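What follows is the content of structure.txt, which has compact mmCIF, C-alpha atoms and all ligand atoms:
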```txt
# COMPACT_ATOMS: atom_id res chain seq x y z
CA MET E 651 27.89 -12.21 -25.47
CA SER E 652 26.33 -14.58 -27.91
CA PHE E 653 26.45 -17.45 -25.43
CA VAL E 654 24.11 -15.65 -23.05
CA TRP E 655 22.03 -14.41 -25.90
CA ASP E 656 21.72 -17.80 -27.57
CA TRP E 657 20.73 -19.28 -24.28
CA PHE E 658 18.20 -16.55 -23.56
CA TYR E 659 16.87 -16.76 -27.09
CA SER E 660 16.40 -20.53 -26.89
CA VAL E 661 14.59 -20.16 -23.59
CA LEU E 662 12.29 -17.63 -25.20
CA LEU E 663 11.71 -19.96 -28.12
CA SER E 664 11.03 -22.91 -25.86
CA LEU E 665 8.52 -20.79 -23.99
CA GLY E 666 6.81 -19.93 -27.21
CA PHE E 667 7.55 -16.35 -26.26
CA TYR E 668 9.18 -15.34 -29.47
CA HIS E 669 5.94 -15.42 -31.39
CA LYS E 670 3.75 -14.47 -28.53
CA ASP E 671 2.84 -11.01 -27.32
CA ALA E 672 4.40 -11.14 -23.92
CA LYS E 673 5.83 -8.50 -21.69
CA ILE E 674 8.50 -8.68 -19.06
CA LEU E 675 8.97 -5.62 -16.89
CA PHE E 676 12.42 -4.83 -15.53
CA LEU E 677 12.05 -2.61 -12.51
CA GLY E 678 14.25 -1.28 -9.76
CA LEU E 679 15.86 1.89 -8.48
CA ASP E 680 18.00 3.88 -10.88
CA ASN E 681 21.60 2.65 -11.06
CA ALA E 682 20.60 -0.97 -10.29
CA GLY E 683 21.82 -2.22 -13.68
CA LYS E 684 18.64 -2.55 -15.75
CA THR E 685 19.92 -0.72 -18.82
CA THR E 686 23.14 -2.73 -18.72
CA LEU E 687 21.18 -5.97 -18.51
CA LEU E 688 18.96 -5.09 -21.45
CA ARG E 689 21.98 -4.05 -23.51
CA MET E 690 23.49 -7.42 -22.67
CA LEU E 691 20.40 -9.18 -23.93
CA LYS E 692 20.31 -7.19 -27.12
CA ASP E 693 21.94 -8.22 -30.36
CA ASP E 694 20.96 -8.03 -34.00
CA ARG E 695 17.99 -10.33 -33.51
CA ALA E 696 16.42 -7.56 -31.49
CA VAL E 697 14.58 -5.04 -33.60
CA SER E 698 14.84 -1.89 -31.55
CA PRO E 699 18.00 0.06 -32.39
CA GLU E 700 18.97 1.10 -28.88
CA PRO E 701 17.32 0.01 -25.66
CA THR E 702 17.24 3.47 -24.16
CA ILE E 703 14.26 5.46 -25.37
CA HIS E 704 14.09 7.79 -22.38
CA PRO E 705 16.51 8.41 -19.50
CA ASN E 706 14.39 6.30 -17.17
CA ILE E 707 12.93 3.82 -19.64
CA ASP E 708 14.45 1.11 -21.82
CA GLU E 709 12.60 -0.96 -24.33
CA LEU E 710 13.66 -4.01 -26.26
CA TYR E 711 11.70 -6.15 -28.68
CA VAL E 712 12.64 -9.75 -29.23
CA GLY E 713 10.27 -11.15 -31.79
CA ARG E 714 6.94 -10.19 -30.29
CA LEU E 715 8.26 -10.26 -26.77
CA LYS E 716 8.59 -6.84 -25.19
CA LEU E 717 11.13 -6.17 -22.51
CA ARG E 718 10.68 -2.88 -20.75
CA ALA E 719 12.71 -1.34 -17.97
CA PHE E 720 11.66 1.52 -15.73
CA ASP E 721 13.46 3.28 -12.91
CA LEU E 722 11.49 3.38 -9.69
CA GLY E 723 11.90 5.73 -6.77
CA GLY E 724 11.40 9.43 -7.10
CA HIS E 725 10.43 9.22 -10.74
CA GLU E 726 6.73 9.86 -10.76
CA THR E 727 6.70 10.31 -14.53
CA ALA E 728 8.22 6.89 -15.06
CA ARG E 729 5.63 5.42 -12.77
CA ARG E 730 2.89 7.07 -14.74
CA LEU E 731 4.36 5.70 -17.95
CA TRP E 732 4.55 2.11 -16.79
CA GLY E 733 1.19 2.22 -15.06
CA ASP E 734 -0.75 1.23 -18.16
CA TYR E 735 1.74 -1.52 -18.80
CA THR E 736 0.91 -3.67 -15.81
CA THR E 737 -2.31 -5.18 -17.11
CA THR E 738 -0.63 -7.58 -19.50
CA VAL E 739 2.68 -8.17 -17.81
CA ASP E 740 3.84 -11.79 -17.68
CA ALA E 741 6.70 -11.38 -15.24
CA VAL E 742 8.57 -8.75 -13.26
CA VAL E 743 12.34 -8.71 -12.92
CA PHE E 744 13.27 -6.49 -9.98
CA VAL E 745 16.93 -5.46 -10.02
CA VAL E 746 18.76 -4.30 -6.89
CA ASP E 747 22.29 -2.88 -6.51
CA THR E 748 23.71 -5.07 -3.73
CA THR E 749 26.52 -2.59 -3.06
CA ASP E 750 24.10 0.20 -2.19
CA ARG E 751 22.89 -0.78 1.29
CA GLN E 752 21.75 2.77 2.00
CA ARG E 753 19.05 2.35 -0.59
CA PHE E 754 17.85 -1.11 0.47
CA PRO E 755 14.95 0.43 2.42
CA GLU E 756 13.95 2.45 -0.63
CA ALA E 757 14.18 -0.66 -2.83
CA LYS E 758 12.05 -2.55 -0.31
CA ARG E 759 9.40 0.17 -0.35
CA GLU E 760 9.21 0.06 -4.13
CA LEU E 761 9.09 -3.73 -4.19
CA ASP E 762 6.39 -3.83 -1.53
CA SER E 763 4.28 -1.37 -3.44
CA LEU E 764 4.67 -3.43 -6.62
CA LEU E 765 3.62 -6.56 -4.78
CA SER E 766 0.47 -4.80 -3.65
CA ILE E 767 -0.62 -3.80 -7.16
CA ASP E 768 -3.71 -5.79 -8.12
CA GLU E 769 -2.71 -6.17 -11.76
CA LEU E 770 0.58 -7.77 -10.76
CA ARG E 771 -0.97 -10.27 -8.38
CA GLY E 772 0.06 -13.83 -9.12
CA ILE E 773 2.76 -12.77 -11.57
CA PRO E 774 6.22 -14.22 -10.94
CA PHE E 775 8.78 -11.81 -9.50
CA LEU E 776 12.42 -12.46 -10.11
CA VAL E 777 14.63 -10.38 -7.80
CA LEU E 778 18.17 -9.93 -9.11
CA GLY E 779 20.79 -8.90 -6.56
CA ASN E 780 23.23 -7.31 -8.99
CA LYS E 781 26.93 -6.28 -8.84
CA ILE E 782 28.20 -9.24 -6.82
CA ASP E 783 31.52 -8.78 -8.63
CA MET E 784 32.16 -5.91 -6.19
CA PRO E 785 33.79 -6.75 -2.86
CA THR E 786 31.30 -4.51 -1.08
CA ALA E 787 28.28 -6.44 -2.35
CA SER E 788 25.86 -7.77 0.22
CA SER E 789 25.32 -11.47 0.66
CA GLU E 790 22.15 -13.10 -0.57
CA GLU E 791 21.08 -13.56 3.05
CA GLU E 792 21.58 -9.88 3.82
CA LEU E 793 19.67 -8.78 0.75
CA LYS E 794 16.78 -11.14 1.43
CA PHE E 795 16.57 -9.87 4.98
CA ALA E 796 16.70 -6.21 3.91
CA LEU E 797 13.92 -6.78 1.39
CA GLY E 798 11.82 -8.85 3.77
CA LEU E 799 12.10 -11.86 1.49
CA MET E 800 13.15 -14.55 3.95
CA ASP E 801 10.38 -16.85 2.80
CA THR E 802 10.62 -17.16 -0.97
CA TYR E 803 9.31 -19.62 -3.52
CA GLY E 804 12.42 -21.81 -3.75
CA LYS E 805 15.00 -22.14 -6.50
CA ASP E 806 14.05 -25.66 -7.45
CA VAL E 807 10.97 -25.48 -9.57
CA LYS E 808 9.47 -28.91 -9.83
CA GLU E 809 6.35 -28.04 -11.67
CA PRO E 810 5.05 -25.02 -13.58
CA TYR E 811 3.36 -22.48 -11.42
CA ASN E 812 -0.32 -22.08 -12.07
CA ASP E 813 -1.95 -21.27 -8.79
CA CYS E 814 -2.28 -17.53 -8.37
CA GLN E 815 -4.33 -17.84 -5.21
CA VAL E 816 -1.34 -18.14 -2.91
CA GLY E 817 0.36 -14.94 -4.06
CA CYS E 818 3.27 -14.16 -6.31
CA PRO E 819 6.04 -16.67 -6.72
CA ILE E 820 9.10 -14.64 -5.84
CA GLU E 821 12.75 -15.66 -5.66
CA VAL E 822 16.10 -13.92 -5.21
CA PHE E 823 19.13 -14.63 -7.38
CA MET E 824 22.51 -12.95 -7.01
CA CYS E 825 24.25 -11.90 -10.20
CA SER E 826 26.76 -9.71 -11.89
CA VAL E 827 25.41 -8.39 -15.14
CA VAL E 828 28.77 -7.04 -16.27
CA ARG E 829 30.53 -10.32 -15.53
CA ARG E 830 27.61 -12.27 -16.99
CA MET E 831 27.27 -14.32 -13.85
CA GLY E 832 24.20 -15.58 -12.10
CA TYR E 833 21.40 -14.37 -14.29
CA LYS E 834 21.30 -17.51 -16.37
CA ASP E 835 20.07 -19.51 -13.37
CA ALA E 836 17.70 -16.69 -12.60
CA PHE E 837 16.08 -16.65 -16.03
CA GLN E 838 16.01 -20.42 -16.01
CA TRP E 839 13.96 -20.24 -12.82
CA LEU E 840 11.65 -17.69 -14.40
CA SER E 841 11.19 -19.73 -17.54
CA GLN E 842 10.35 -22.85 -15.54
CA ILE E 843 7.83 -20.92 -13.49
CA LEU E 844 6.23 -19.56 -16.65
CA SER E 845 6.24 -22.72 -18.73
N1 LIG E 901 30.26 -3.57 -10.76
C1 LIG E 901 29.16 -3.67 -11.50
N2 LIG E 901 28.59 -2.58 -12.01
C2 LIG E 901 27.45 -2.74 -12.73
C3 LIG E 901 26.85 -4.01 -12.95
N3 LIG E 901 25.74 -3.83 -13.69
C4 LIG E 901 25.65 -2.51 -13.91
N4 LIG E 901 26.68 -1.84 -13.35
C5 LIG E 901 26.96 -0.39 -13.38
O1 LIG E 901 25.99 0.28 -12.65
C6 LIG E 901 25.71 1.57 -13.23
C7 LIG E 901 24.22 1.71 -13.47
O2 LIG E 901 23.81 0.77 -14.46
P1 LIG E 901 22.51 1.00 -15.35
O3 LIG E 901 22.36 -0.19 -16.19
O4 LIG E 901 22.58 2.30 -16.02
O5 LIG E 901 21.39 1.06 -14.22
P2 LIG E 901 19.83 1.41 -14.38
O6 LIG E 901 19.67 2.80 -13.85
O7 LIG E 901 19.12 0.41 -13.50
O8 LIG E 901 19.46 1.28 -15.81
C8 LIG E 901 26.54 1.63 -14.49
O9 LIG E 901 27.71 2.36 -14.22
C9 LIG E 901 26.86 0.18 -14.79
O10 LIG E 901 28.07 0.03 -15.49
C10 LIG E 901 27.50 -5.16 -12.39
O11 LIG E 901 27.09 -6.31 -12.52
N5 LIG E 901 28.63 -4.93 -11.66
MG MG E 902 18.63 2.70 -17.00
```
Reformat the file's structure so that it appears as structure tokens.
Ligand SMILES: Nc1nc2c(ncn2[C@@H]2O[C@H](COP(=O)(O)OP(=O)(O)O)[C@@H](O)[C@H]2O)c(=O)[nH]1
Ligand SMILES: [Mg+2]
Amino acid sequence: MSFVWDWFYSVLLSLGFYHKDAKILFLGLDNAGKTTLLRMLKDDRAVSPEPTIHPNIDELYVGRLKLRAFDLGGHETARRLWGDYTTTVDAVVFVVDTTDRQRFPEAKRELDSLLSIDELRGIPFLVLGNKIDMPTASSEEELKFALGLMDTYGKDVKEPYNDCQVGCPIEVFMCSVVRRMGYKDAFQWLSQILS
């Protein structure tokens, strides 16, 4: 636990995030693993007592950094609640359950609609293909195809991203939140993009 946390915490510190008002939105269909991920990132350095403040919303404060998770898909109230949040969002983490192929089209619809929101234009999108510990999980290739993300930013970030004209930098990383696999590389990518 503390290994991931210490790593995450040091990334936040190195980004100057800890003392900065920044917001990272965790979005995705219900059951994707957002609450589990935020719980994983929480320890006593986080101020909020429990991440879950509402069945479809989680919130976590780390210093002045706000992490917020919302369920998408069929939850119009949740959408209304996160609507006002988009103006100052620094990054979006979009979590997908890779074992739930039936809902890939629904996940794609939600992702596409996020990518078309003006306020989110130019903001980095990290797509996490979660639950790869399960034998039924899709491959990265299959997920990218299902989400229409065959042409992504690239995992090797050579320089910080600062040109919003060409659209959102978006990349897919496969992970297992419960096994604590994969998301370290993913957040590393995000932190390099943001730095
Ligand atoms: N096998 C597996 N199950 C996971 C993983 N992450 C989350 N889950 C399970 O998926 C279910 C939904 O997780 P939750 O965090 O509540 O999803 P949310 O609706 O996006 O907040 C729970 O039963 C979790 O235990 C993972 O990496 N692997
Ligand atoms: Mg949840």
Check: Which protein, DNA or RNA residues have an atom within 8 Å of ligand MG 902 (chain E), counting all atoms listed in the file, as number ranges by chain?
Finding: E: 680-686, 702, 705-708, 719-721
Note to self: as number ranges by chain, please: every protein or nucleic acid residue near ligand LIG 901 (chain E) (cut-off 12 Å, counting only C-alpha atoms and all ligand atoms).
What the structure shows: E: 676-690, 701-709, 718-723, 725, 743-750, 757, 778-787, 824-833
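Across the structure, CA of Leu793 in chain E and CA of Ala836 in chain E are spaced 15.6 Å apart.
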Notebook entry, point to check: From the list E:Val822, E:Leu715, E:Leu710, E:Leu691, which residue is nearest Asp801 in chain E when using only C-alpha atoms?
Noted result: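 Under the stated criterion, the closest residue is E:Val822.
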Checklist line | Coordinates-based distance that separates CA of Ser841 in chain E from CA of Arg771 in chain E (Å, one decimal) | finding: 17.9 Å
Check: So what do you get for CA of Arg714 in chain E versus CA of Ala741 in chain E, distance-wise?
Finding: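 So the answer is 15.1 Å.
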Check: Nearest to Ser766 in chain E among E:Cys818, E:Leu840, E:Val712, E:Leu797, with distances taken over all atoms listed in the file: which residue is it?
Finding: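 Checking each of E:Cys818, E:Leu840, E:Val712, E:Leu797 against Ser766 in chain E, counting all atoms listed in the file, the winner is E:Cys818.
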Next item on the list: Find the spatial neighbours of Ile773 in chain E, counting all atoms listed in the file, within a cut-off of 8 Å - ignore same-chain residues fewer than 6 positions away - and output them as a list in words.
Entry: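 With the cut-off at 8 Å, the set is Val739, Asp740, Ala741, Val742, Cys814, Cys818 and Pro819 of chain E.
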